[in-house]
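Data first, discussion second: the structure below is written as structure tokens.
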Amino acid sequence: MDKLKTGMALTMLALGLLLVNCSTKIGPDEPDPFPNLHIVRTNPENGKTGVTDSVNLSITFSAAIDTTSLGLVIAPSPPGFYSRLQLSADGKTISSSVKLAPNTVYSLVIFFVQDLYQDRITQPFITHFTTGTSLPRGQISGKAGVPFNVPLQGFAGLVRKNLQDIFNATFPDHELRQNLVAVAPIMNNAGEFQFDHVPPGTYWPFAGKDLNFDGKFSLASVDQVQAYDANNDGAPDSVVVGIDQRLAAINLNVPVVGMKVVRTTPANGATNLPLDADLQITFNVPVDTADLGLFIAPIPEGLSTKDLKPSADGKTLTARVKLLANTAYTAVLYAARSKGGQVLSAPLEISFTTGNSFPTGEVSGTATLRGAGMAAAQNALVALLNTDLQQVILEIFGGKDPTEVLRSHLRAISYVRDASGKFVISHVPAGTYWPAGAKDEDNDGSIEPLTEPIGFYDADNDGSATRADSLRILAGQKLTAINMIFQKLF
């Protein structure tokens with residue numbers, strides 16, 4: 001809350017103006033000389049046995065490639081492989097000089113790459129080689145479920161340690177690299193995958209999705225993982241492969257969550273709370289308070305992000321707050337990052353009250369990010385103010401502390417749950433309100449209106465947020481179709 005930039009004033013006063021930036025493809029007026037990007041050769045070649053322990057691993061493409069979004073993963077990961085990757089002078093070959101382990105099978109997947117003309121590979125690529133004398137014949141096949149069934153946005157993997165333990169490690173990406181045994185491509189939109197040349201052992205299968213399309217799969221970012229849950233208990237399960245054994249129908253069906261909230265005080269739905277109370281949020285891993293994004297509506301006295309003090313183990317944040325009598329509160333934790341770099345996978349919303357029951361008023365609608373659609377508004381904050389946005393802006397622009405301004409005007413809050421853009425603001429008391437919103441696109445816990453989308457309710461269709469853009473709700477009333485537009489100034 002205290003991170004809200006005073007620059008918000010300039011943005012909000014300019015609502016209704018939208019600048020559209022256009023990007024130009026390289027060589028837009030020239031024919032593409034390198035259509036149908038594909039892999040020409042690899043070293044070692046696919047199926048090669050008896051590979052020496054010191055080798056220059058290389059992949060040559062049919063055209064010069066753009067390495068900024070290269071999606072490449074190798075298992076096991078030779079020490080220094082990624083840091084030593086080099087691009088040849090003609091831009092067509094990537095290589096890395098590494099030392100391989102003896103009697104070890106390696107698999108390498110390229111799940112995304114494009115050339116300088118933005119032509120992409122049409123299918124993911126897989127190659128195998130070994131420093132041993134032969135390739136084992138063990139095999140694991142199955143399907144990844146939606147949304148992990150996209151061939152050019154991820155891969156399947158086998159690790160030799162429980163996935164949840166890898167996620168909960170202080171440095172999960174390092175832990176993943178240390179335990180990754182094999183990789184395979186997602187072959188089609190049915191999500192089918194097949195691990196070939198699998199040595200005997202116990203493995204935890206998973207699918208990884210490069211959610212932000214940067215080619216750099218990371219458990220410490222927004223990227224996602226889906227695991228195999230054989231007994232439907234919601235936890236990752238392992239498989240055991242014998243010598244030359246082939247396992248089929250190992251279907252992935254449960255998401256694995258890294259950073260998560262395990263407990264809150266007050267609990268969701270708590271009633272009859274004392275006016276002097278402790279607000280606590282407990283995570284499964286130590287949290288970095290610098291990237292915490294939390295709003296409570298109304299904002300209690302004694303609460304800002306700097307007032308949340310970490311416990312000795314860094315997992316629990318606590319603030320002593322003063323609540324108002326007979327008042328319902330809603331808290332939305334919309335961003336958090338662990339000390340190891342993991343991010344909260346989805347916002348958390350809880351409600352509590354000092355009264356014996358909650359107001360039953362409700363405001364619902366659809367949020368749309370102008371120029372990008374409803375799906376782009378997912379996880380955006382939606383709120384109700386007791387004055388119009390221009391008044392809020394004028395107060396901040398006049399030098400008032402942003403947290404104190406919001407403490408005076410923020411009355412209810414929620415967030416957009418999914419790609420449908422639909423939202424519901426619950427527990428709304430009778431009154432007149434101005435709907436508003438914001439989206440923390442970079443997930444850093446800070447609302448930055450000069451660069452991130454701001455939402456408003458345009459009731460009078462004048463293209464901006466004004467005094468006229470309000471709604472009135474009676475006790476227990478449920479208002480629908482209160483649609484909000486999110487947009488950037490730049």
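Naming works like this for the structure tokens: A, B, ... for the chains as they're shown, residue 1 at the start of each chain, ligands 1 onward in shown order.
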- Query: segment 87-92 of chain A: which residues within 6 Å, counting only C-alpha atoms, same-chain residues fewer than 3 positions away excluded, as a list in words?
  - Reply: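 My reading of the contact set: Thr60, Phe61, Ala63, Ala64 and Ile65 of chain A.
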Dump N, CA, C and O atoms for the selected residues as a short mmCIF file (atom, residue, chain, number, x, y, z; two decimals), in the first residue's frame?
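Result file result_9.cif:
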data_model
loop_
_atom_site.label_atom_id
_atom_site.label_comp_id
_atom_site.auth_asym_id
_atom_site.auth_seq_id
_atom_site.Cartn_x
_atom_site.Cartn_y
_atom_site.Cartn_z
N THR A 60 23.04 -27.09 -34.47
CA THR A 60 23.08 -26.18 -35.62
C THR A 60 21.69 -26.09 -36.25
O THR A 60 21.05 -27.11 -36.51
N PHE A 61 21.24 -24.86 -36.47
CA PHE A 61 19.92 -24.59 -37.04
C PHE A 61 20.05 -24.20 -38.51
O PHE A 61 21.14 -23.88 -39.00
N ALA A 63 18.92 -21.54 -39.82
CA ALA A 63 19.03 -20.08 -39.96
C ALA A 63 19.54 -19.50 -38.65
O ALA A 63 19.55 -20.17 -37.61
N ALA A 64 19.99 -18.26 -38.71
CA ALA A 64 20.42 -17.58 -37.50
C ALA A 64 19.24 -17.43 -36.55
O ALA A 64 18.14 -17.06 -36.95
N ILE A 65 19.46 -17.72 -35.27
CA ILE A 65 18.36 -17.76 -34.30
C ILE A 65 18.40 -16.58 -33.34
O ILE A 65 19.43 -15.92 -33.15
#
- Task: Within 10 Å of Thr131 of chain A, counting only C-alpha atoms, which residues show up once you throw out same-chain ones fewer than 3 positions away? Write them as a PyMOL selection string, please.
- Result: chain A and resi 48-53+100-106+134-135
Can those selected residues be exported to a file as an mmCIF file, in the first residue's frame so that it contains N, CA, C and O atoms?
data_model
loop_
_atom_site.group_PDB
_atom_site.id
_atom_site.type_symbol
_atom_site.label_atom_id
_atom_site.label_comp_id
_atom_site.auth_asym_id
_atom_site.auth_seq_id
_atom_site.Cartn_x
_atom_site.Cartn_y
_atom_site.Cartn_z
ATOM 1 N N LYS A 48 23.934 -41.539 -30.105
ATOM 2 C CA LYS A 48 25.361 -41.801 -30.001
ATOM 3 C C LYS A 48 25.697 -42.446 -28.666
ATOM 4 O O LYS A 48 25.241 -42.010 -27.604
ATOM 5 N N THR A 49 26.511 -43.494 -28.686
ATOM 6 C CA THR A 49 26.999 -44.137 -27.466
ATOM 7 C C THR A 49 28.510 -43.926 -27.352
ATOM 8 O O THR A 49 29.186 -43.549 -28.321
ATOM 9 N N GLY A 50 29.041 -44.179 -26.165
ATOM 10 C CA GLY A 50 30.480 -44.053 -25.960
ATOM 11 C C GLY A 50 31.003 -42.645 -26.127
ATOM 12 O O GLY A 50 32.167 -42.447 -26.512
ATOM 13 N N VAL A 51 30.177 -41.629 -25.846
ATOM 14 C CA VAL A 51 30.604 -40.229 -25.964
ATOM 15 C C VAL A 51 31.681 -39.945 -24.915
ATOM 16 O O VAL A 51 31.577 -40.367 -23.757
ATOM 17 N N THR A 52 32.751 -39.255 -25.302
ATOM 18 C CA THR A 52 33.826 -38.930 -24.374
ATOM 19 C C THR A 52 33.345 -37.970 -23.296
ATOM 20 O O THR A 52 32.385 -37.221 -23.507
ATOM 21 N N ASP A 53 34.025 -37.983 -22.166
ATOM 22 C CA ASP A 53 33.541 -37.169 -21.042
ATOM 23 C C ASP A 53 33.730 -35.671 -21.268
ATOM 24 O O ASP A 53 32.983 -34.853 -20.741
ATOM 25 N N LEU A 100 31.120 -34.456 -19.075
ATOM 26 C CA LEU A 100 29.989 -35.340 -18.834
ATOM 27 C C LEU A 100 30.338 -36.393 -17.788
ATOM 28 O O LEU A 100 31.510 -36.726 -17.575
ATOM 29 N N ALA A 101 29.295 -36.930 -17.145
ATOM 30 C CA ALA A 101 29.471 -37.986 -16.153
ATOM 31 C C ALA A 101 29.627 -39.337 -16.850
ATOM 32 O O ALA A 101 29.055 -39.555 -17.922
ATOM 33 N N PRO A 102 30.382 -40.269 -16.262
ATOM 34 C CA PRO A 102 30.548 -41.579 -16.897
ATOM 35 C C PRO A 102 29.264 -42.404 -16.844
ATOM 36 O O PRO A 102 28.454 -42.259 -15.926
ATOM 37 N N ASN A 103 29.077 -43.251 -17.855
ATOM 38 C CA ASN A 103 27.944 -44.190 -17.912
ATOM 39 C C ASN A 103 26.602 -43.509 -17.622
ATOM 40 O O ASN A 103 25.809 -43.976 -16.819
ATOM 41 N N THR A 104 26.386 -42.403 -18.284
ATOM 42 C CA THR A 104 25.180 -41.603 -18.047
ATOM 43 C C THR A 104 24.462 -41.315 -19.358
ATOM 44 O O THR A 104 25.096 -40.986 -20.357
ATOM 45 N N VAL A 105 23.144 -41.440 -19.316
ATOM 46 C CA VAL A 105 22.308 -41.123 -20.476
ATOM 47 C C VAL A 105 21.887 -39.657 -20.383
ATOM 48 O O VAL A 105 21.422 -39.201 -19.326
ATOM 49 N N TYR A 106 22.017 -38.924 -21.486
ATOM 50 C CA TYR A 106 21.618 -37.523 -21.536
ATOM 51 C C TYR A 106 20.477 -37.348 -22.544
ATOM 52 O O TYR A 106 20.467 -37.985 -23.604
ATOM 53 N N SER A 134 25.872 -48.461 -24.180
ATOM 54 C CA SER A 134 24.565 -48.689 -24.812
ATOM 55 C C SER A 134 23.514 -47.830 -24.147
ATOM 56 O O SER A 134 23.691 -47.362 -23.016
ATOM 57 N N LEU A 135 22.417 -47.635 -24.860
ATOM 58 C CA LEU A 135 21.288 -46.876 -24.321
ATOM 59 C C LEU A 135 20.274 -47.844 -23.707
ATOM 60 O O LEU A 135 19.907 -48.842 -24.336
#
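For Gln139 of chain A, the residues within 9 Å (counting only C-alpha atoms, excluding itself and residues fewer than 6 positions away along the chain) are Gln194, Phe195, Asp196, His197, Val198, Pro199, Val241, Asp244, Gln245, Arg246, Leu247 and Ala248 of chain A.
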- Considering only C-alpha atoms, return as a VMD selection string whatever protein or nucleic-acid residues lie within 12 Å of Ala468 of chain A, sequence-local ones (same chain, fewer than 5 positions apart) excluded. chain A and resid 387 to 390 432 to 435 456 to 463
What would the file look like if the residues just selected were written as a PDB file, in the first residue's frame with N, CA and C atoms?
ATOM      1  N   THR A 387     -15.243   7.679  -3.008  1.00  0.00           N
ATOM      2  CA  THR A 387     -15.195   8.925  -3.779  1.00  0.00           C
ATOM      3  C   THR A 387     -14.653   8.596  -5.158  1.00  0.00           C
ATOM      4  N   ASP A 388     -14.713   9.553  -6.070  1.00  0.00           N
ATOM      5  CA  ASP A 388     -14.264   9.246  -7.423  1.00  0.00           C
ATOM      6  C   ASP A 388     -12.740   9.274  -7.505  1.00  0.00           C
ATOM      7  N   LEU A 389     -12.215   8.684  -8.555  1.00  0.00           N
ATOM      8  CA  LEU A 389     -10.771   8.564  -8.719  1.00  0.00           C
ATOM      9  C   LEU A 389     -10.075   9.919  -8.818  1.00  0.00           C
ATOM     10  N   GLN A 390     -10.744  10.865  -9.421  1.00  0.00           N
ATOM     11  CA  GLN A 390     -10.112  12.183  -9.544  1.00  0.00           C
ATOM     12  C   GLN A 390      -9.826  12.783  -8.170  1.00  0.00           C
ATOM     13  N   THR A 432     -22.890   4.409  -1.650  1.00  0.00           N
ATOM     14  CA  THR A 432     -22.514   4.838  -2.997  1.00  0.00           C
ATOM     15  C   THR A 432     -21.023   4.656  -3.161  1.00  0.00           C
ATOM     16  N   TYR A 433     -20.625   4.039  -4.263  1.00  0.00           N
ATOM     17  CA  TYR A 433     -19.224   3.693  -4.466  1.00  0.00           C
ATOM     18  C   TYR A 433     -18.789   3.990  -5.898  1.00  0.00           C
ATOM     19  N   TRP A 434     -17.466   4.172  -6.042  1.00  0.00           N
ATOM     20  CA  TRP A 434     -16.843   4.339  -7.351  1.00  0.00           C
ATOM     21  C   TRP A 434     -15.916   3.140  -7.587  1.00  0.00           C
ATOM     22  N   PRO A 435     -16.246   2.236  -8.527  1.00  0.00           N
ATOM     23  CA  PRO A 435     -15.377   1.089  -8.811  1.00  0.00           C
ATOM     24  C   PRO A 435     -14.055   1.532  -9.439  1.00  0.00           C
ATOM     25  N   PHE A 456     -11.197   1.239 -14.380  1.00  0.00           N
ATOM     26  CA  PHE A 456     -12.258   2.141 -13.934  1.00  0.00           C
ATOM     27  C   PHE A 456     -13.594   1.710 -14.537  1.00  0.00           C
ATOM     28  N   TYR A 457     -14.657   2.169 -13.926  1.00  0.00           N
ATOM     29  CA  TYR A 457     -16.027   1.885 -14.346  1.00  0.00           C
ATOM     30  C   TYR A 457     -16.543   3.112 -15.088  1.00  0.00           C
ATOM     31  N   ASP A 458     -16.821   2.942 -16.379  1.00  0.00           N
ATOM     32  CA  ASP A 458     -17.220   4.070 -17.218  1.00  0.00           C
ATOM     33  C   ASP A 458     -18.737   4.049 -17.401  1.00  0.00           C
ATOM     34  N   ALA A 459     -19.461   4.428 -16.354  1.00  0.00           N
ATOM     35  CA  ALA A 459     -20.924   4.353 -16.389  1.00  0.00           C
ATOM     36  C   ALA A 459     -21.536   5.304 -17.406  1.00  0.00           C
ATOM     37  N   ASP A 460     -20.910   6.466 -17.600  1.00  0.00           N
ATOM     38  CA  ASP A 460     -21.494   7.458 -18.502  1.00  0.00           C
ATOM     39  C   ASP A 460     -20.857   7.437 -19.894  1.00  0.00           C
ATOM     40  N   ASN A 461     -19.987   6.459 -20.150  1.00  0.00           N
ATOM     41  CA  ASN A 461     -19.377   6.279 -21.474  1.00  0.00           C
ATOM     42  C   ASN A 461     -18.631   7.509 -21.982  1.00  0.00           C
ATOM     43  N   ASP A 462     -17.956   8.189 -21.059  1.00  0.00           N
ATOM     44  CA  ASP A 462     -17.189   9.355 -21.500  1.00  0.00           C
ATOM     45  C   ASP A 462     -15.706   9.048 -21.629  1.00  0.00           C
ATOM     46  N   GLY A 463     -15.353   7.770 -21.422  1.00  0.00           N
ATOM     47  CA  GLY A 463     -13.972   7.356 -21.603  1.00  0.00           C
ATOM     48  C   GLY A 463     -13.042   7.654 -20.454  1.00  0.00           C
TER      49      GLY A 463
END
- Message: Set the distance at 9 Å and use only C-alpha atoms: which residues neighbour Lys209 of chain A once local chain neighbours fewer than 5 positions away are removed? I'd like the list as a PyMOL selection string.
- Response: chain A and resi 147-150+153-156+217+223-226
- Task: Select from segment 321-481 of chain A everything DSSP, run on the backbone, classes as strand (DSSP E), then give the selection as a ChimeraX atom specification.
- Result: /A:321-322,328-338,348-353,361-369,381-385,410-415,422-428,431-438,454-456,471-473,478-479
- Query: Could you pull the residues within 6 Å of segment 365-378 of chain A, counting only C-alpha atoms, minus those fewer than 6 positions along the same chain, as number ranges by chain?
  - Reply: A: 416, 418-423, 480-487
Just N, CA and C atoms for this one: save the residues we selected as a CSV table (one decimal), in the first residue's frame.
chain,number,residue,atom,x,y,z
A,416,VAL,N,-9.7,-10.4,-10.0
A,416,VAL,CA,-10.3,-11.2,-11.1
A,416,VAL,C,-9.7,-12.6,-11.0
A,418,ASP,N,-10.0,-15.5,-12.9
A,418,ASP,CA,-9.5,-16.4,-14.0
A,418,ASP,C,-9.6,-15.6,-15.4
A,419,ALA,N,-9.3,-16.4,-16.5
A,419,ALA,CA,-9.2,-15.8,-17.8
A,419,ALA,C,-10.6,-15.3,-18.3
A,420,SER,N,-11.7,-15.6,-17.6
A,420,SER,CA,-13.0,-15.1,-18.1
A,420,SER,C,-13.1,-13.6,-17.8
A,421,GLY,N,-12.3,-13.1,-17.0
A,421,GLY,CA,-12.4,-11.7,-16.6
A,421,GLY,C,-13.4,-11.3,-15.6
A,422,LYS,N,-14.2,-12.3,-15.1
A,422,LYS,CA,-15.3,-12.1,-14.2
A,422,LYS,C,-14.8,-11.9,-12.8
A,423,PHE,N,-15.4,-11.0,-12.1
A,423,PHE,CA,-15.1,-10.7,-10.7
A,423,PHE,C,-16.3,-10.6,-9.8
A,480,THR,N,-25.1,-6.5,-10.8
A,480,THR,CA,-24.4,-7.3,-11.9
A,480,THR,C,-24.0,-6.4,-13.0
A,481,ALA,N,-23.2,-6.9,-13.9
A,481,ALA,CA,-22.8,-6.2,-15.2
A,481,ALA,C,-22.1,-4.8,-14.8
A,482,ILE,N,-21.4,-4.7,-13.7
A,482,ILE,CA,-20.6,-3.5,-13.4
A,482,ILE,C,-19.2,-3.8,-14.0
A,483,ASN,N,-19.1,-3.5,-15.3
A,483,ASN,CA,-17.9,-3.9,-16.1
A,483,ASN,C,-16.9,-2.8,-16.0
A,484,MET,N,-15.6,-3.3,-15.9
A,484,MET,CA,-14.5,-2.4,-15.7
A,484,MET,C,-13.5,-2.5,-16.9
A,485,ILE,N,-13.0,-1.3,-17.3
A,485,ILE,CA,-12.0,-1.2,-18.3
A,485,ILE,C,-10.6,-1.0,-17.7
A,486,PHE,N,-9.6,-1.8,-18.1
A,486,PHE,CA,-8.3,-1.6,-17.6
A,486,PHE,C,-7.4,-1.1,-18.9
A,487,GLN,N,-6.6,-0.1,-18.6
A,487,GLN,CA,-5.8,0.3,-19.7
A,487,GLN,C,-4.5,1.0,-19.2
- Which of these, A:Val321, A:Ala297, A:Ala75, A:Leu406, has the shortest distance to Leu279 of chain A once you count only C-alpha atoms?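 Nearest to Leu279 of chain A: A:Val321.
Counting only C-alpha atoms, the residue from A:Gly71, A:Gly138, A:Gly341, A:Pro298 that sits nearest to Thr170 of chain A is A:Gly341.
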- Message: My list of candidates is A:Ala436, A:Lys216, A:Leu394, A:Thr289. Which is closest to Ile454 of chain A when distances are computed with only C-alpha atoms?
- Response: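 So, comparing all the options, the nearest one is A:Ala436.
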- Item | Distance criterion (only C-alpha atoms): nearest to Pro347 of chain A out of A:Glu452, A:Asp307, A:Asp229, A:Asp440 | A:Asp440
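Our summary of the geometry notes that atom CA of Val287 of chain A is positioned 7.2 Å from atom CA of Ala336 of chain A.
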- Query: Neighbours of Tyr228 of chain A within 7 Å (only C-alpha atoms; same-chain residues fewer than 3 positions away dropped), as a ChimeraX atom specification?
  - Reply: /A:205-206,236-237,250-254
So that I have them on file, write out the residues from the current selection with C-alpha atoms, as a CSV table (one decimal), in the first residue's frame.
chain,number,residue,atom,x,y,z
A,205,PRO,CA,7.3,-37.3,-13.5
A,206,PHE,CA,6.2,-33.7,-14.2
A,236,PRO,CA,3.1,-35.7,-6.4
A,237,ASP,CA,3.7,-39.5,-6.7
A,250,ILE,CA,1.4,-42.1,-16.6
A,251,ASN,CA,-0.9,-39.1,-16.9
A,252,LEU,CA,-0.1,-35.8,-15.1
A,253,ASN,CA,-3.0,-34.4,-13.3
A,254,VAL,CA,-2.1,-32.2,-10.3
- Item | Interatomic distance, atom CA of Val109 of chain A to atom CA of Leu72 of chain A (Å, one decimal) |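 So the answer is 5.8 Å.
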- Message: As an exercise, work out the distance from atom CA of Thr271 of chain A to atom CA of Tyr329 of chain A in Å and give it to one decimal place.
- Response: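 Spanning atom CA of Thr271 of chain A to atom CA of Tyr329 of chain A is a straight-line distance of 10.3 Å.
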From segment 79-219 of chain A, collect each residue whose DSSP state is helix (DSSP H, G or I) and return the set as a short mmCIF file (atom, residue, chain, number, x, y, z; two decimals) with C-alpha atoms, in the first residue's frame.
data_model
loop_
_atom_site.label_atom_id
_atom_site.label_comp_id
_atom_site.auth_asym_id
_atom_site.auth_seq_id
_atom_site.Cartn_x
_atom_site.Cartn_y
_atom_site.Cartn_z
CA PRO A 151 4.07 -28.54 -27.42
CA LEU A 152 6.05 -25.31 -27.89
CA GLN A 153 5.58 -23.92 -24.40
CA LEU A 163 8.73 -32.41 -6.53
CA GLN A 164 7.19 -30.72 -3.51
CA ASP A 165 10.52 -30.95 -1.66
CA ILE A 166 12.24 -29.40 -4.68
CA PHE A 167 9.73 -26.55 -4.69
CA ASN A 168 10.16 -25.98 -0.96
CA PRO A 172 14.38 -24.46 -6.05
CA ASP A 173 15.97 -23.94 -9.48
CA HIS A 174 19.31 -25.26 -8.25
CA GLU A 175 17.54 -28.19 -6.60
CA LEU A 176 15.73 -28.96 -9.86
CA ARG A 177 18.95 -28.98 -11.89
CA GLN A 178 20.61 -31.24 -9.32
CA ASN A 179 17.80 -33.81 -9.50
#
- Query: Which of these residues is nearest to Val240 of chain A, using only C-alpha atoms: A:Lys315, A:Arg160, A:Arg472, A:Lys260?
  - Reply: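 The closest residue to Val240 of chain A is A:Arg160.
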